[in-house]
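Below you'll find the structure, written out as structure tokens, and then a few comments.
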Amino acid sequence: MTIKCPHCGEVCESDEEISVGQHVECPFCANKFYYGPNNTEAAFCGQCGAKIPATASFCPGCGRAVLVEEVKVSEAGAETDSSVETDTSVVEPTRGVGSASHGYFQRLLQLILLTMVISAISTIISCIDIRECYAFGRVGCFLLGVASLGIQFWLYVAVTQLKSWARKSLIVFNLIGAFFFVFGIGGGVENFFVFMLGIAVCLIDLYCVYLCFQEEVVAVFKPDSELTDARAMANTMYCFGFWIAYVLMIVVGVIWMILYHGTEAWDRDCSAAAVAGSSSAREELISFAADRLSDQGYYDPVETATERIDSYIEELRPSPSRTRGNAPKPMHIFLGLKFLGKALVALVAVLGGIAKFKGK
């Protein structure tokens, strides 16, 4: 008899009669499926209740491995008690069968969404606090923050779609993010709340790396060796596209910062950040002023620049009376927090809706 593989489309021949519901492995692409009329029957996952095609080895909703007993197939005129059979001689048990029911993969998806929400909060606060955005300006800080969230969402969608390159890319992406965070601590802490959010993201990213090495999560993603030529090529192109976009975002950010440095807008932002208490902004102003004084032939440009910048900052710093008069009113703070809360709820709703749509 002949069977058409639902994965690669090749026609397989078998000398023995294969019963409905029997576990079959394709000799061409090595993918496993359950035989049934037209291979279109469906079952329902006992973990999350999502609909599972009869040809699937894992639940598309939660990633739980499909057991043979869960496949509900029927044939016109066939008896229900003989519609499902298991032949262990046809194929070896799938790696990690049943282990995905522990929910490691589902937990990984939830943590990725959590890091996106925290990153969005950090971006909003950074755009508001002049101490965080002076190096790029408010526009640059906002655009780079949105681009970073877009990169994270791209990777999240690839993980939900069980792309073979997504797991490895997630590991490298999270390790790079943790390295940049630790490396950036040397520049000082300007906003303590943003700093704590960064620590939370760093710890969650490292835990996601740990989850990616769990056997239950590894079993969900198809190994590269089991991909056909066309799918392997598409997998490589998607992987290269993701990393090219990520590197391009970093390059654009560096170029933006270099071009913005030393402009009038940068001087205003940096001065405002220094007045607000940013130590890194003060050091940037001193370094910039020292370079100019050095070109003018000063003997000790750094000391002279330090005295002038400190005096300049003190002149710009408002008096206590002005500070009290310009302090934000409680009502303004309440409205700002209320608006921020609505924005976060809307963001979570959009991400949850997209994730639910992708899981169908």
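Scheme for the structure tokens: letters A, B, ... for chains in order shown; per-chain residue numbers from 1; ligand numbers from 1 in order shown.
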
Give me the residues near Leu170 of chain A as a PyMOL selection string, where near means some atom within 12 Å (using only C-alpha atoms) and where sequence neighbours in that chain fewer than 2 positions away do not count.
chain A and resi 108-109+112+151-160+162-168+172-177+205-213+239+242-243

If we count only C-alpha atoms, what is near Ala272 of chain A at a cut-off of 10 Å, once residues fewer than 5 positions away on the same chain are taken out, given as a list in words?
Ile130, Arg131, Tyr134, Trp266, Asp267, Gly277, Ser278, Ala281, Arg282, Ile313, Leu316 and Arg317 of chain A

For the residues selected in the previous step, produce a file with N, CA, C and O atoms as an mmCIF file, in the first residue's frame.
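What ended up in again.cif:
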```
data_model
loop_
_atom_site.group_PDB
_atom_site.id
_atom_site.type_symbol
_atom_site.label_atom_id
_atom_site.label_comp_id
_atom_site.auth_asym_id
_atom_site.auth_seq_id
_atom_site.Cartn_x
_atom_site.Cartn_y
_atom_site.Cartn_z
ATOM 1 N N ILE A 130 15.136 62.514 31.702
ATOM 2 C CA ILE A 130 16.199 63.095 30.889
ATOM 3 C C ILE A 130 17.549 62.476 31.226
ATOM 4 O O ILE A 130 18.468 62.450 30.398
ATOM 5 N N ARG A 131 17.704 61.929 32.435
ATOM 6 C CA ARG A 131 18.969 61.315 32.824
ATOM 7 C C ARG A 131 19.253 60.044 32.043
ATOM 8 O O ARG A 131 20.403 59.612 31.932
ATOM 9 N N TYR A 134 19.549 61.326 27.478
ATOM 10 C CA TYR A 134 20.300 62.456 26.944
ATOM 11 C C TYR A 134 21.286 62.035 25.850
ATOM 12 O O TYR A 134 21.597 62.814 24.955
ATOM 13 N N TRP A 266 22.252 67.968 22.019
ATOM 14 C CA TRP A 266 22.948 67.112 22.984
ATOM 15 C C TRP A 266 23.432 67.930 24.175
ATOM 16 O O TRP A 266 23.339 67.483 25.324
ATOM 17 N N ASP A 267 23.954 69.121 23.917
ATOM 18 C CA ASP A 267 24.443 69.976 25.002
ATOM 19 C C ASP A 267 23.311 70.344 25.957
ATOM 20 O O ASP A 267 23.495 70.323 27.182
ATOM 21 N N GLY A 277 21.205 65.457 38.229
ATOM 22 C CA GLY A 277 21.982 64.559 39.077
ATOM 23 C C GLY A 277 22.656 63.417 38.367
ATOM 24 O O GLY A 277 23.136 62.488 39.015
ATOM 25 N N SER A 278 22.733 63.450 37.030
ATOM 26 C CA SER A 278 23.376 62.373 36.286
ATOM 27 C C SER A 278 24.893 62.529 36.340
ATOM 28 O O SER A 278 25.442 63.515 35.831
ATOM 29 N N ALA A 281 26.406 62.182 32.756
ATOM 30 C CA ALA A 281 26.246 63.397 31.953
ATOM 31 C C ALA A 281 27.289 64.438 32.354
ATOM 32 O O ALA A 281 27.856 65.129 31.495
ATOM 33 N N ARG A 282 27.552 64.562 33.645
ATOM 34 C CA ARG A 282 28.590 65.492 34.110
ATOM 35 C C ARG A 282 29.949 65.106 33.538
ATOM 36 O O ARG A 282 30.710 65.966 33.061
ATOM 37 N N ILE A 313 26.967 73.935 36.140
ATOM 38 C CA ILE A 313 25.846 73.130 36.639
ATOM 39 C C ILE A 313 25.180 73.813 37.828
ATOM 40 O O ILE A 313 23.951 73.825 37.952
ATOM 41 N N LEU A 316 22.928 76.545 36.655
ATOM 42 C CA LEU A 316 21.681 76.067 36.054
ATOM 43 C C LEU A 316 20.745 75.424 37.072
ATOM 44 O O LEU A 316 19.535 75.363 36.832
ATOM 45 N N ARG A 317 21.293 74.968 38.173
ATOM 46 C CA ARG A 317 20.468 74.282 39.160
ATOM 47 C C ARG A 317 19.501 75.266 39.805
ATOM 48 O O ARG A 317 19.909 76.315 40.292
#
```

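Distances from A:Cys12, A:Leu197, A:Val275, A:Val139 to Phe28 of chain A were compared using only C-alpha atoms, and the smallest one belongs to A:Cys12.
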
Enter the distance from atom CA of Leu143 of chain A to atom CA of Val201 of chain A, in Å, rounded to one decimal.
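Computing the Euclidean distance for atom CA of Leu143 of chain A and atom CA of Val201 of chain A yields 19.9 Å.
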
Neighbouring residues of Gly262 of chain A were defined as those with any atom within 12 Å, considering only C-alpha atoms; residues of the same chain fewer than 4 positions away were excluded. Please report them as a list of chain:residue names.
A:Tyr134, A:Ala135, A:Phe136, A:Trp256, A:Met257, A:Ile258, A:Trp266, A:Asp267, A:Arg268, A:Asp269, A:Cys270, A:Ser271, A:Glu284, A:Leu285, A:Ser287, A:Phe288, A:Ala289, A:Asp291, A:Arg292
